[in-house]
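The structure appears below as structure tokens.
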Amino acid sequence: MRSLLKVIPESDMFRANAAFCEIDEVPDDILPSSLYKEPYFSCPPTKELKKFRVIFSTFMSSFQLHDKGLNAGHFNHNFLVDVSSAIKPETVVALTNFSD
């Protein structure tokens with residue numbers, strides 16, 4: 001995300017964090033791209049969420065995006081970051097929700 005901030009405006013990116021992630025665990029330069037409504041992180045309304053050009057999410061937090069109405073075919077690309085340290089069910093959540 002940090003490298004993309006150099007070429008894509010922050011307003012075009014959203015970072016979906018786990019709802020109960022501690023706010024101090026999110027780097028200061030990424031926090032503005034997140035939605036924090038004390039005491040937890042959240043997702044914006046569907047209409048606003050669909051306007052973002054790039055959305056970052058943990059594997060398990062991707063269900064929030066699907067729950068908001070982003071389905072298979074919405075994204076042009078899905079990148080699974082740190083997949084080598086993920087367990088199979090975590091990767092399946094992201095792949096089944098967003099792959100055609």
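Here's how to read the names in the structure tokens: chain A, B, ... by the order shown, residue numbers from 1 in each chain, ligand numbers from 1 in the order shown.
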
Just the residues within 7 Å of region 5-20 of chain A, please, counting only C-alpha atoms, with nothing from its chain fewer than 2 positions along; format it as a PyMOL selection string.
chain A and resi 1-3+22+33-34+40-43+52-58+61

List as a list in words the protein and nucleic acid residues near Pro45 (chain A), meaning an atom at most 8 Å away when only C-alpha atoms are counted, but skip any in the same chain fewer than 3 places from it.
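Listed by chain and then number, they are Glu48, Leu49 and Lys68 of chain A.
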
From a backbone DSSP assignment, name each residue in region 14-45 of chain A labelled helix (DSSP H, G or I), as an NGL selection string.
:A and (23-25 or 31-33)
